[in-house]
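start_0.txt follows; it contains compact mmCIF, C-alpha atoms (C1' of nucleotides).
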```txt
# COMPACT_ATOMS: atom_id res chain seq x y z
CA MET O 1 154.18 94.32 124.37
CA ARG O 2 152.97 97.30 122.40
CA PRO O 3 152.70 96.63 118.67
CA THR O 4 155.52 98.25 116.73
CA THR O 5 152.97 99.49 114.25
CA GLU O 6 151.47 102.13 116.52
CA THR O 7 150.39 105.09 114.43
CA ILE O 8 151.00 108.71 115.29
CA GLN O 9 147.25 109.03 115.91
CA GLU O 10 147.33 106.23 118.45
CA ARG O 11 150.45 107.55 120.11
CA PHE O 12 149.06 111.07 120.46
CA ARG O 13 145.78 109.76 121.78
CA ARG O 14 147.60 107.58 124.28
CA HIS O 15 149.47 110.64 125.53
CA ARG O 16 146.35 112.79 125.35
CA VAL O 17 147.84 115.28 122.93
CA ARG O 18 145.58 116.92 120.39
CA LEU O 19 146.61 115.94 116.89
CA THR O 20 146.85 118.54 114.13
CA PRO O 21 148.52 118.30 110.73
CA GLN O 22 151.31 120.56 111.94
CA ARG O 23 151.93 118.44 114.99
CA ALA O 24 151.95 115.24 112.98
CA ALA O 25 154.50 116.79 110.63
CA ILE O 26 156.72 118.02 113.45
CA TYR O 27 156.61 114.77 115.38
CA GLY O 28 156.99 112.72 112.23
CA ALA O 29 160.06 114.66 111.16
CA LEU O 30 161.64 114.22 114.57
CA ALA O 31 160.76 110.54 114.89
CA GLY O 32 162.15 109.88 111.44
CA THR O 33 165.70 110.98 112.16
CA THR O 34 168.46 110.16 114.62
CA SER O 35 170.18 113.50 114.10
CA HIS O 36 168.79 115.27 117.18
CA PRO O 37 167.67 118.39 115.31
CA THR O 38 167.05 121.83 116.80
CA ALA O 39 163.63 123.48 116.80
CA ASP O 40 164.74 125.55 113.85
CA ASP O 41 165.96 122.49 111.93
CA LEU O 42 162.49 121.02 112.36
CA TYR O 43 160.87 124.30 111.38
CA ARG O 44 162.78 124.30 108.09
CA VAL O 45 161.93 120.68 107.34
CA VAL O 46 158.24 120.99 108.16
CA LYS O 47 157.97 124.26 106.25
CA ARG O 48 158.50 122.37 103.00
CA ARG O 49 155.07 120.72 103.36
CA HIS O 50 153.45 123.39 105.53
CA PRO O 51 154.70 126.67 104.09
CA MET O 52 152.54 128.74 106.43
CA ILE O 53 153.75 127.14 109.64
CA SER O 54 155.33 129.51 112.14
CA ARG O 55 158.35 128.95 114.31
CA ASN O 56 156.08 129.61 117.23
CA THR O 57 154.01 126.56 116.43
CA VAL O 58 157.14 124.45 116.31
CA TYR O 59 158.33 125.73 119.68
CA TYR O 60 154.90 125.42 121.22
CA THR O 61 154.40 121.92 119.88
CA LEU O 62 157.82 120.74 121.02
CA GLY O 63 156.97 122.11 124.45
CA VAL O 64 153.72 120.16 124.53
CA LEU O 65 155.40 116.98 123.32
CA ARG O 66 158.14 117.40 125.90
CA GLU O 67 155.67 117.91 128.75
CA THR O 68 153.67 114.86 127.74
CA GLY O 69 156.71 112.65 127.41
CA LEU O 70 156.64 112.16 123.64
CA VAL O 71 160.02 113.79 123.07
CA ARG O 72 162.93 114.93 125.15
CA GLU O 73 165.56 117.61 124.93
CA VAL O 74 169.25 116.92 124.67
CA ASN O 75 171.95 119.45 125.54
CA VAL O 76 175.21 120.15 123.87
CA GLY O 77 176.76 122.71 126.14
CA HIS O 78 174.60 125.79 126.06
CA GLU O 79 173.83 125.65 122.42
CA GLY O 80 170.22 125.73 121.23
CA ALA O 81 168.02 122.89 122.43
CA ARG O 82 168.07 119.70 120.41
CA PHE O 83 165.27 117.17 120.37
CA ASP O 84 164.97 113.42 120.42
CA ALA O 85 161.85 111.31 119.86
CA ASN O 86 163.67 108.20 121.06
CA MET O 87 162.31 107.91 124.59
CA SER O 88 164.00 104.60 125.42
CA LEU O 89 166.70 104.79 128.05
CA HIS O 90 169.92 105.71 126.32
CA HIS O 91 172.88 108.05 126.48
CA HIS O 92 174.87 110.19 124.07
CA LEU O 93 178.19 110.56 122.36
CA ILE O 94 178.89 114.10 121.19
CA CYS O 95 181.43 115.17 118.60
CA LEU O 96 183.25 118.29 119.78
CA ALA O 97 183.89 119.39 116.20
CA CYS O 98 180.69 118.82 114.23
CA ARG O 99 178.32 118.62 117.23
CA GLN O 100 176.85 115.40 115.93
CA ILE O 101 175.09 113.39 118.63
CA GLN O 102 175.12 109.59 118.50
CA ASP O 103 172.97 107.37 120.68
CA ILE O 104 174.57 104.90 123.05
CA THR O 105 172.63 101.94 124.35
CA ASP O 106 174.49 100.29 127.20
CA ASP O 107 172.94 98.50 130.14
CA ALA O 108 175.85 99.25 132.44
CA LEU O 109 175.34 102.97 131.87
CA ASN O 110 171.60 102.63 132.36
CA ARG O 111 172.11 101.03 135.74
CA LEU O 112 174.47 103.63 137.23
CA THR O 113 173.75 104.81 140.73
CA VAL O 114 175.36 106.77 143.49
CA SER O 115 174.38 106.94 147.13
CA GLN O 116 173.66 110.53 148.01
CA GLY O 117 172.06 110.57 151.40
CA ASP O 118 168.77 112.35 151.40
CA PHE O 119 168.76 113.33 147.74
CA GLU O 120 166.05 111.38 145.89
CA ILE O 121 167.57 110.36 142.57
CA LEU O 122 165.11 109.87 139.72
CA GLY O 123 167.33 109.55 136.70
CA HIS O 124 170.68 110.26 135.16
CA ARG O 125 172.36 111.06 131.89
CA VAL O 126 175.78 110.21 130.64
CA GLU O 127 177.42 112.04 127.80
CA PHE O 128 180.74 111.16 126.27
CA HIS O 129 182.58 113.70 124.16
CA GLY O 130 185.33 113.38 121.66
CA TYR O 131 185.75 113.37 117.90
CA CYS O 132 183.80 111.33 115.41
CA ALA O 133 185.49 109.34 112.67
CA LYS O 134 184.69 111.88 110.00
CA CYS O 135 186.02 114.88 111.91
CA ARG O 136 189.18 112.97 112.79
CA ARG O 137 189.76 112.16 109.16
CA LEU O 138 189.23 115.81 108.26
CA GLY O 139 191.72 116.88 110.93
CA LEU O 140 189.11 118.83 112.86
CA ALA O 141 190.06 117.22 116.15
CA LYS O 142 191.10 120.35 117.93
CA ALA O 143 188.00 122.51 118.09
CA ALA O 144 186.17 123.80 121.13
CA SER O 145 185.04 121.97 124.22
CA ILE O 146 181.57 121.64 125.60
CA MET N 1 201.97 117.68 144.84
CA ARG N 2 201.03 121.31 144.32
CA PRO N 3 200.93 123.28 147.58
CA THR N 4 197.40 123.96 148.67
CA THR N 5 198.40 127.53 149.40
CA GLU N 6 198.73 128.61 145.77
CA THR N 7 197.61 132.19 145.44
CA ILE N 8 195.39 133.58 142.72
CA GLN N 9 198.43 135.44 141.37
CA GLU N 10 200.38 132.20 141.06
CA ARG N 11 197.49 130.35 139.53
CA PHE N 12 196.83 133.01 136.91
CA ARG N 13 200.52 133.22 136.10
CA ARG N 14 200.71 129.47 135.74
CA HIS N 15 197.80 129.57 133.27
CA ARG N 16 199.20 132.67 131.55
CA VAL N 17 196.14 134.77 132.25
CA ARG N 18 196.58 138.47 132.86
CA LEU N 19 195.49 139.36 136.35
CA THR N 20 193.32 142.41 136.99
CA PRO N 21 191.37 143.36 140.10
CA GLN N 22 188.14 142.51 138.31
CA ARG N 23 189.41 139.09 137.31
CA ALA N 24 190.65 138.36 140.79
CA ALA N 25 187.26 139.29 142.17
CA ILE N 26 185.37 137.17 139.65
CA TYR N 27 187.59 134.16 140.05
CA GLY N 28 187.71 134.56 143.82
CA ALA N 29 183.94 134.70 144.05
CA LEU N 30 183.59 131.58 141.93
CA ALA N 31 186.33 129.64 143.71
CA GLY N 32 184.83 130.54 147.06
CA THR N 33 181.48 128.87 146.51
CA THR N 34 180.19 125.44 145.58
CA SER N 35 176.88 126.84 144.32
CA HIS N 36 177.74 126.84 140.59
CA PRO N 37 176.60 130.43 139.99
CA THR N 38 175.59 131.97 136.68
CA ALA N 39 177.52 134.80 135.06
CA ASP N 40 174.89 137.17 136.34
CA ASP N 41 175.12 135.81 139.88
CA LEU N 42 178.84 136.54 139.78
CA TYR N 43 178.22 139.97 138.29
CA ARG N 44 175.97 140.86 141.19
CA VAL N 45 178.42 139.59 143.80
CA VAL N 46 181.45 141.29 142.28
CA LYS N 47 179.54 144.52 141.76
CA ARG N 48 179.45 144.99 145.52
CA ARG N 49 183.20 145.66 145.61
CA HIS N 50 183.54 146.86 142.02
CA PRO N 51 180.48 148.99 141.42
CA MET N 52 181.64 150.04 137.95
CA ILE N 53 182.18 146.54 136.63
CA SER N 54 180.16 145.64 133.56
CA ARG N 55 178.43 142.41 132.74
CA ASN N 56 180.55 142.30 129.65
CA THR N 57 183.71 142.04 131.72
CA VAL N 58 182.24 139.16 133.66
CA TYR N 59 181.27 137.32 130.48
CA TYR N 60 184.59 138.07 128.82
CA THR N 61 186.57 137.01 131.87
CA LEU N 62 184.63 133.79 132.30
CA GLY N 63 185.32 133.06 128.66
CA VAL N 64 189.04 133.57 129.15
CA LEU N 65 189.08 131.47 132.30
CA ARG N 66 187.17 128.73 130.53
CA GLU N 67 189.53 128.70 127.55
CA THR N 68 192.57 128.52 129.79
CA GLY N 69 191.17 125.75 131.92
CA LEU N 70 190.69 127.70 135.14
CA VAL N 71 186.93 127.21 135.24
CA ARG N 72 184.37 125.10 133.47
CA GLU N 73 180.73 125.43 132.54
CA VAL N 74 178.00 123.18 133.84
CA ASN N 75 174.62 122.75 132.18
CA VAL N 76 171.23 122.45 133.72
CA GLY N 77 169.02 121.82 130.74
CA HIS N 78 169.15 124.88 128.53
CA GLU N 79 169.14 127.36 131.32
CA GLY N 80 171.82 130.02 131.49
CA ALA N 81 175.39 128.77 131.83
CA ARG N 82 176.63 128.00 135.31
CA PHE N 83 180.27 128.00 136.32
CA ASP N 84 182.51 125.87 138.45
CA ALA N 85 186.06 126.61 139.57
CA ASN N 86 186.48 123.04 140.80
CA MET N 87 188.48 121.53 137.97
CA SER N 88 189.02 118.14 139.57
CA LEU N 89 187.25 115.25 137.90
CA HIS N 90 183.77 115.08 139.31
CA HIS N 91 180.11 114.81 138.37
CA HIS N 92 176.85 116.47 139.38
CA LEU N 93 173.59 115.92 141.14
CA ILE N 94 170.88 118.38 140.10
CA CYS N 95 167.70 119.19 141.99
CA LEU N 96 164.78 119.40 139.57
CA ALA N 97 162.95 121.83 141.83
CA CYS N 98 165.50 124.39 143.09
CA ARG N 99 168.14 123.76 140.39
CA GLN N 100 170.79 123.35 143.05
CA ILE N 101 173.86 121.49 141.78
CA GLN N 102 175.84 119.24 144.14
CA ASP N 103 179.23 117.78 143.34
CA ILE N 104 179.71 114.03 143.24
CA THR N 105 183.14 112.50 143.60
CA ASP N 106 183.07 108.85 142.68
CA ASP N 107 185.88 106.85 141.15
CA ALA N 108 183.55 104.39 139.46
CA LEU N 109 181.87 107.26 137.61
CA ASN N 110 185.22 108.77 136.70
CA ARG N 111 186.34 105.53 135.09
CA LEU N 112 183.29 104.97 132.85
CA THR N 113 183.93 103.99 129.28
CA VAL N 114 182.07 102.69 126.27
CA SER N 115 183.48 101.15 123.13
CA GLN N 116 182.33 103.17 120.17
CA GLY N 117 184.33 102.03 117.18
CA ASP N 118 186.04 104.90 115.47
CA PHE N 119 184.83 107.65 117.77
CA GLU N 120 187.74 109.02 119.81
CA ILE N 121 186.40 109.57 123.32
CA LEU N 122 188.12 112.25 125.36
CA GLY N 123 185.88 112.68 128.35
CA HIS N 124 182.47 112.23 129.80
CA ARG N 125 180.00 113.75 132.22
CA VAL N 126 177.40 112.13 134.37
CA GLU N 127 174.52 114.02 135.86
CA PHE N 128 171.94 112.62 138.20
CA HIS N 129 168.65 114.40 138.72
CA GLY N 130 166.06 114.21 141.41
CA TYR N 131 164.98 116.20 144.42
CA CYS N 132 167.18 117.49 147.21
CA ALA N 133 166.29 116.98 150.86
CA LYS N 134 165.06 120.53 151.28
CA CYS N 135 162.74 120.48 148.28
CA ARG N 136 161.36 117.11 149.32
CA ARG N 137 160.58 118.48 152.77
CA LEU N 138 158.88 121.47 151.21
CA GLY N 139 156.81 119.21 148.98
CA LEU N 140 158.29 120.66 145.81
CA ALA N 141 159.01 117.24 144.37
CA LYS N 142 156.83 117.56 141.32
CA ALA N 143 158.28 120.41 139.31
CA ALA N 144 159.71 120.36 135.82
CA SER N 145 162.25 118.03 134.28
CA ILE N 146 165.54 118.88 132.70
C1' DA M 1 126.40 115.04 111.67
C1' DT M 2 126.26 119.57 114.62
C1' DG M 3 127.54 122.71 117.71
C1' DA M 4 130.18 124.39 121.68
C1' DT M 5 134.40 125.34 123.43
C1' DA M 6 138.92 124.53 124.89
C1' DT M 7 142.94 124.48 122.52
C1' DC M 8 145.80 125.45 118.59
C1' DT M 9 148.06 128.36 114.90
C1' DA M 10 150.35 132.35 112.79
C1' DG M 11 152.48 136.46 113.17
C1' DG M 12 154.58 139.98 115.31
C1' DA M 13 156.40 142.02 119.45
C1' DA M 14 159.04 141.24 123.60
C1' DT M 15 162.53 139.09 126.45
C1' DC M 16 166.76 137.34 128.02
C1' DA M 17 171.33 135.71 127.95
C1' DT M 18 175.12 136.44 125.48
C1' DT M 19 178.15 138.53 122.02
C1' DC M 20 179.86 142.37 119.29
C1' DC M 21 181.94 146.92 118.82
C1' DT M 22 184.73 150.65 120.30
C1' DA M 23 187.37 154.08 122.75
C1' DG M 24 189.89 154.80 126.71
C1' DA M 25 192.58 152.38 130.53
C1' DT M 26 196.08 149.21 132.30
C1' DA M 27 199.07 144.90 133.33
C1' DG M 28 203.34 143.13 132.58
C1' DG M 29 207.50 142.71 130.03
C1' DT M 30 211.64 145.64 128.64
C1' DA S 1 209.05 154.64 133.59
C1' DC S 2 207.55 153.10 128.91
C1' DC S 3 205.22 150.39 125.32
C1' DT S 4 201.86 147.93 123.66
C1' DA S 5 198.97 144.02 123.61
C1' DT S 6 195.19 143.19 126.18
C1' DC S 7 191.49 144.54 129.17
C1' DT S 8 187.32 147.25 130.71
C1' DA S 9 182.86 149.65 130.39
C1' DG S 10 179.05 150.79 128.02
C1' DG S 11 175.93 150.52 124.63
C1' DA S 12 174.23 148.33 120.53
C1' DA S 13 173.29 143.95 118.25
C1' DT S 14 172.12 139.15 118.01
C1' DG S 15 169.72 134.87 118.34
C1' DA S 16 166.97 131.62 120.57
C1' DT S 17 162.93 131.43 122.86
C1' DT S 18 158.66 133.15 124.88
C1' DC S 19 154.67 136.20 125.09
C1' DC S 20 150.41 138.11 123.22
C1' DT S 21 146.39 138.00 120.44
C1' DA S 22 142.84 137.19 117.07
C1' DG S 23 141.12 133.92 114.11
C1' DA S 24 140.91 128.76 113.11
C1' DT S 25 140.12 123.94 114.42
C1' DA S 26 140.09 119.27 116.91
C1' DT S 27 137.49 116.91 120.04
C1' DC S 28 133.65 115.97 122.93
C1' DA S 29 128.77 115.82 124.03
C1' DT S 30 124.57 115.86 121.84
```

For this file, produce the structure as structure tokens.
Amino acid sequence: MRPTTETIQERFRRHRVRLTPQRAAIYGALAGTTSHPTADDLYRVVKRRHPMISRNTVYYTLGVLRETGLVREVNVGHEGARFDANMSLHHHLICLACRQIQDITDDALNRLTVSQGDFEILGHRVEFHGYCAKCRRLGLAKAASI
Amino acid sequence: MRPTTETIQERFRRHRVRLTPQRAAIYGALAGTTSHPTADDLYRVVKRRHPMISRNTVYYTLGVLRETGLVREVNVGHEGARFDANMSLHHHLICLACRQIQDITDDALNRLTVSQGDFEILGHRVEFHGYCAKCRRLGLAKAASI
DNA sequence: ATGATATCTAGGAATCATTCCTAGATAGGT
DNA sequence: ACCTATCTAGGAATGATTCCTAGATATCAT
């Protein structure tokens, strides 16, 4: 088992991704939240410590991290891409009102399959949608769909 | 059971959507394919019989049809929206190489649930990804992810 | 440590899908 | 046939993302 104390340095080296202060900040910000931020959310967070960073660097870095398997993208309809540094197999629960995304860990969902002849299936995603507790309390349970 | 011979006129009337020649053409083109076209795909098809139609009309119409439950959007990553006039409960199989989307009808998938405390779940979507027979034959099974 | 170089960063311009705005046209109820 | 709310076409605007480029820098070989 991999030690849970793996540093960002070690993780980047393992994935053969060049480490820069900007990249550490971007990845660190993403890995430190479960809120599935957009590229622009991350840009605004990282900008606090790296005032000169450009959006381009954030987009480029997220692209590199995605290609090397350090992060993945999550969709909410066709809204801007949202990112997730949690690479373990899991699924999502999306609030139709506030667009919050919650993680779902559920073995039954992870094991889903279908038989589809000559289509080679490599993976799947399940997303549930509805209204979170907060939005229900606030009476927002009537907004758009996905 | 609803007769299978329902006309576009009847269907639009039932959903209280004003029927115009452009709308009939857009909806007809979408209902007549299982290829999950983009708005621009539909624009190009409809333009053959309605040379003056604007993209705006296609986008606006698809928005109206979506809001009234006559069509729905399907996502492939964050690529442009794709549309589906098949409103029956079903899921999708997406080719990572050619981006083809196949429908899956499977009761077990339709019945999926998770218990998530105070989140009110209203629906879910399952998408499988992999490589279709054609792309496997062509050796394209190595392209991007979703 | 040093240097070489492939890769990264910042910034601005460009792109692309989609939405906004508006004036003239039209579907559908009366 | 008429009225009017709604639709259409076209062009401008937007917003997320990508492209381009010159200067900076991480990493590797020495």

*Provide as a list in words the residues of chain N at most 12 Å from chain S, counting all atoms listed in the file.*
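Here is what falls inside 12 Å: Val17, Arg18, Leu19, Thr20, Pro21, Gln22, Arg23, His50, Pro51, Met52, Ile53, Ser54, Arg55, Asn56, Thr57, Val58, Tyr59, Tyr60, Thr61, Val64, His78 and Glu79 of chain N.
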
Could you give me chain O least-squares fitted onto chain N (all C-alpha atoms, paired in order), as a short mmCIF file (atom, residue, chain, number, x, y, z; two decimals) with C-alpha atoms, in the frame of the given file?
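Now in out.cif:
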```
data_model
loop_
_atom_site.label_atom_id
_atom_site.label_comp_id
_atom_site.auth_asym_id
_atom_site.auth_seq_id
_atom_site.Cartn_x
_atom_site.Cartn_y
_atom_site.Cartn_z
CA MET O 1 202.31 117.78 144.66
CA ARG O 2 201.32 121.40 144.21
CA PRO O 3 201.14 123.33 147.48
CA THR O 4 197.56 123.93 148.57
CA THR O 5 198.49 127.51 149.29
CA GLU O 6 198.79 128.58 145.67
CA THR O 7 197.68 132.18 145.35
CA ILE O 8 195.43 133.54 142.64
CA GLN O 9 198.47 135.38 141.26
CA GLU O 10 200.41 132.15 140.95
CA ARG O 11 197.48 130.30 139.45
CA PHE O 12 196.82 132.97 136.83
CA ARG O 13 200.49 133.16 135.95
CA ARG O 14 200.66 129.40 135.63
CA HIS O 15 197.75 129.51 133.19
CA ARG O 16 199.14 132.60 131.47
CA VAL O 17 196.09 134.72 132.17
CA ARG O 18 196.56 138.42 132.76
CA LEU O 19 195.52 139.33 136.28
CA THR O 20 193.38 142.40 136.94
CA PRO O 21 191.44 143.36 140.06
CA GLN O 22 188.20 142.52 138.30
CA ARG O 23 189.43 139.11 137.29
CA ALA O 24 190.71 138.34 140.76
CA ALA O 25 187.31 139.29 142.16
CA ILE O 26 185.40 137.19 139.65
CA TYR O 27 187.61 134.14 140.04
CA GLY O 28 187.75 134.55 143.79
CA ALA O 29 183.98 134.71 144.06
CA LEU O 30 183.61 131.59 141.95
CA ALA O 31 186.35 129.64 143.71
CA GLY O 32 184.85 130.52 147.07
CA THR O 33 181.50 128.86 146.52
CA THR O 34 180.16 125.44 145.60
CA SER O 35 176.87 126.84 144.36
CA HIS O 36 177.70 126.85 140.63
CA PRO O 37 176.58 130.44 140.04
CA THR O 38 175.57 131.98 136.71
CA ALA O 39 177.50 134.82 135.09
CA ASP O 40 174.89 137.21 136.38
CA ASP O 41 175.12 135.83 139.93
CA LEU O 42 178.84 136.55 139.81
CA TYR O 43 178.23 139.98 138.33
CA ARG O 44 175.99 140.89 141.27
CA VAL O 45 178.46 139.59 143.84
CA VAL O 46 181.50 141.28 142.32
CA LYS O 47 179.59 144.52 141.82
CA ARG O 48 179.50 145.01 145.59
CA ARG O 49 183.27 145.64 145.64
CA HIS O 50 183.63 146.85 142.05
CA PRO O 51 180.56 149.01 141.47
CA MET O 52 181.72 150.05 138.00
CA ILE O 53 182.22 146.54 136.66
CA SER O 54 180.18 145.66 133.60
CA ARG O 55 178.43 142.42 132.80
CA ASN O 56 180.54 142.33 129.70
CA THR O 57 183.70 142.06 131.74
CA VAL O 58 182.23 139.17 133.68
CA TYR O 59 181.25 137.33 130.50
CA TYR O 60 184.55 138.08 128.83
CA THR O 61 186.55 137.02 131.86
CA LEU O 62 184.60 133.80 132.31
CA GLY O 63 185.27 133.07 128.66
CA VAL O 64 188.99 133.58 129.14
CA LEU O 65 189.05 131.47 132.28
CA ARG O 66 187.10 128.73 130.53
CA GLU O 67 189.44 128.69 127.53
CA THR O 68 192.50 128.51 129.75
CA GLY O 69 191.11 125.74 131.89
CA LEU O 70 190.66 127.69 135.12
CA VAL O 71 186.90 127.20 135.24
CA ARG O 72 184.32 125.11 133.49
CA GLU O 73 180.69 125.45 132.57
CA VAL O 74 177.97 123.20 133.88
CA ASN O 75 174.58 122.77 132.21
CA VAL O 76 171.19 122.43 133.71
CA GLY O 77 169.02 121.81 130.71
CA HIS O 78 169.14 124.88 128.54
CA GLU O 79 169.11 127.35 131.33
CA GLY O 80 171.79 130.04 131.53
CA ALA O 81 175.36 128.79 131.86
CA ARG O 82 176.60 128.02 135.34
CA PHE O 83 180.24 128.02 136.34
CA ASP O 84 182.48 125.88 138.47
CA ALA O 85 186.06 126.60 139.57
CA ASN O 86 186.46 123.04 140.82
CA MET O 87 188.45 121.52 137.97
CA SER O 88 188.99 118.12 139.60
CA LEU O 89 187.20 115.24 137.94
CA HIS O 90 183.71 115.09 139.35
CA HIS O 91 180.07 114.82 138.40
CA HIS O 92 176.80 116.46 139.40
CA LEU O 93 173.53 115.91 141.14
CA ILE O 94 170.83 118.36 140.09
CA CYS O 95 167.65 119.17 141.97
CA LEU O 96 164.73 119.39 139.54
CA ALA O 97 162.89 121.82 141.81
CA CYS O 98 165.43 124.35 143.08
CA ARG O 99 168.09 123.73 140.41
CA GLN O 100 170.75 123.34 143.06
CA ILE O 101 173.81 121.48 141.80
CA GLN O 102 175.78 119.24 144.16
CA ASP O 103 179.17 117.77 143.36
CA ILE O 104 179.65 114.02 143.27
CA THR O 105 183.09 112.51 143.64
CA ASP O 106 183.01 108.83 142.74
CA ASP O 107 185.84 106.85 141.21
CA ALA O 108 183.52 104.40 139.51
CA LEU O 109 181.84 107.26 137.65
CA ASN O 110 185.20 108.77 136.77
CA ARG O 111 186.32 105.54 135.16
CA LEU O 112 183.30 104.97 132.90
CA THR O 113 183.98 104.02 129.33
CA VAL O 114 182.18 102.72 126.31
CA SER O 115 183.63 101.21 123.17
CA GLN O 116 182.50 103.25 120.22
CA GLY O 117 184.48 102.14 117.24
CA ASP O 118 186.24 104.99 115.56
CA PHE O 119 184.99 107.74 117.85
CA GLU O 120 187.87 109.10 119.94
CA ILE O 121 186.49 109.61 123.43
CA LEU O 122 188.19 112.31 125.49
CA GLY O 123 185.92 112.70 128.46
CA HIS O 124 182.47 112.24 129.88
CA ARG O 125 180.00 113.74 132.28
CA VAL O 126 177.38 112.13 134.41
CA GLU O 127 174.48 114.02 135.86
CA PHE O 128 171.91 112.61 138.21
CA HIS O 129 168.62 114.40 138.70
CA GLY O 130 166.02 114.20 141.37
CA TYR O 131 164.91 116.17 144.40
CA CYS O 132 167.09 117.45 147.19
CA ALA O 133 166.20 116.95 150.83
CA LYS O 134 164.96 120.48 151.26
CA CYS O 135 162.66 120.46 148.24
CA ARG O 136 161.26 117.09 149.28
CA ARG O 137 160.47 118.42 152.71
CA LEU O 138 158.79 121.45 151.15
CA GLY O 139 156.71 119.19 148.90
CA LEU O 140 158.22 120.64 145.74
CA ALA O 141 158.96 117.22 144.30
CA LYS O 142 156.81 117.51 141.25
CA ALA O 143 158.24 120.39 139.25
CA ALA O 144 159.68 120.37 135.76
CA SER O 145 162.21 118.05 134.22
CA ILE O 146 165.52 118.90 132.68
#
```

*atom CA of Ile94 of chain N and atom CA of Cys132 of chain O, how far apart in Å?*
28.7 Å

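Between atom CA of His92 of chain N and atom CA of Thr113 of chain N the separation is 17.5 Å.
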
Chain M residues within 9 Å of chain N, counting only C-alpha atoms (C1' of nucleotides): which ones, as a CSV table (one decimal) with C-alpha atoms (C1' of nucleotides), keeping the file's coordinate frame?
```csv
chain,number,residue,atom,x,y,z
M,17,DA,C1',171.3,135.7,128.0
M,18,DT,C1',175.1,136.4,125.5
M,19,DT,C1',178.2,138.5,122.0
M,26,DT,C1',196.1,149.2,132.3
M,27,DA,C1',199.1,144.9,133.3
M,28,DG,C1',203.3,143.1,132.6
```

*Coordinates-based distance that separates atom CA of Phe83 of chain O from atom CA of Thr38 of chain O (Å, one decimal)*: 6.1 Å

With a cut-off of 10 Å, could you pull out the residues of chain O touching chain N and give me the nearest pair of atoms for each, distance in Å to one decimal, using all atoms listed in the file, ordered by chain and ascending number, as a Markdown table?
```
| residue | atom | partner | partner_atom | distance |
| --- | --- | --- | --- | --- |
| O:Arg66 | CA | N:Ser145 | CA | 9.4 |
| O:Glu67 | CA | N:Ala144 | CA | 8.5 |
| O:Arg72 | CA | N:Ile146 | CA | 8.9 |
| O:Glu73 | CA | N:Ile146 | CA | 7.9 |
| O:Val74 | CA | N:Gly77 | CA | 7.8 |
| O:Asn75 | CA | N:Gly77 | CA | 6.4 |
| O:Val76 | CA | N:Asn75 | CA | 8.7 |
| O:Gly77 | CA | N:Asn75 | CA | 6.4 |
| O:His78 | CA | N:His78 | CA | 6.1 |
| O:Glu79 | CA | N:His78 | CA | 7.7 |
| O:Gly80 | CA | N:His78 | CA | 7.4 |
| O:Ala81 | CA | N:His78 | CA | 6.5 |
| O:Arg82 | CA | N:His78 | CA | 9.7 |
| O:His91 | CA | N:Val126 | CA | 10.0 |
| O:His92 | CA | N:His124 | CA | 9.7 |
| O:Leu93 | CA | N:Ile121 | CA | 8.3 |
| O:Ile94 | CA | N:Ile121 | CA | 9.0 |
| O:Cys95 | CA | N:Phe119 | CA | 8.3 |
| O:Leu96 | CA | N:Leu122 | CA | 9.6 |
| O:Gln102 | CA | N:Gln116 | CA | 9.8 |
| O:Ile104 | CA | N:Val114 | CA | 8.5 |
| O:Thr105 | CA | N:Val114 | CA | 9.7 |
| O:Asp106 | CA | N:Val114 | CA | 8.0 |
| O:Ala108 | CA | N:Leu112 | CA | 9.4 |
| O:Leu109 | CA | N:Leu112 | CA | 8.3 |
| O:Leu112 | CA | N:Leu109 | CA | 8.3 |
| O:Thr113 | CA | N:Phe128 | CA | 8.4 |
| O:Val114 | CA | N:Asp106 | CA | 8.0 |
| O:Ser115 | CA | N:Ile104 | CA | 9.7 |
| O:Gln116 | CA | N:Ile104 | CA | 8.5 |
| O:Gly117 | CA | N:Ala133 | CA | 8.6 |
| O:Asp118 | CA | N:Ala133 | CA | 5.3 |
| O:Phe119 | CA | N:Cys132 | CA | 4.5 |
| O:Glu120 | CA | N:Tyr131 | CA | 5.2 |
| O:Ile121 | CA | N:Gly130 | CA | 4.3 |
| O:Leu122 | CA | N:Gly130 | CA | 4.8 |
| O:Gly123 | CA | N:His129 | CA | 5.4 |
| O:His124 | CA | N:Phe128 | CA | 4.0 |
| O:Arg125 | CA | N:Glu127 | CA | 5.4 |
| O:Val126 | CA | N:Val126 | CA | 4.5 |
| O:Glu127 | CA | N:Arg125 | CA | 5.4 |
| O:Phe128 | CA | N:His124 | CA | 4.1 |
| O:His129 | CA | N:Gly123 | CA | 5.4 |
| O:Gly130 | CA | N:Ile121 | CA | 4.3 |
| O:Tyr131 | CA | N:Glu120 | CA | 5.2 |
| O:Cys132 | CA | N:Phe119 | CA | 4.5 |
| O:Ala133 | CA | N:Asp118 | CA | 5.3 |
| O:Lys134 | CA | N:Phe119 | CA | 8.8 |
| O:Cys135 | CA | N:Phe119 | CA | 9.4 |
| O:Arg136 | CA | N:Glu120 | CA | 8.2 |
| O:Ala141 | CA | N:Glu120 | CA | 9.3 |
| O:Ala144 | CA | N:Glu67 | CA | 8.7 |
| O:Ser145 | CA | N:Glu67 | CA | 8.7 |
| O:Ile146 | CA | N:Glu73 | CA | 8.0 |
```

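Counting only C-alpha atoms, the residue from N:Ile101, N:Lys47, N:Arg16, N:Leu42 that sits nearest to Gly69 of chain N is N:Arg16.
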
Quick one: 4 Å padding each side, axis-aligned, all listed atoms of segment 10-13 of chain S - centre and edge lengths in Å to one decimal, as lines of an AutoDock Vina configuration file?
```
center_x = 176.2
center_y = 147.4
center_z = 123.1
size_x = 13.8
size_y = 14.8
size_z = 17.8
```
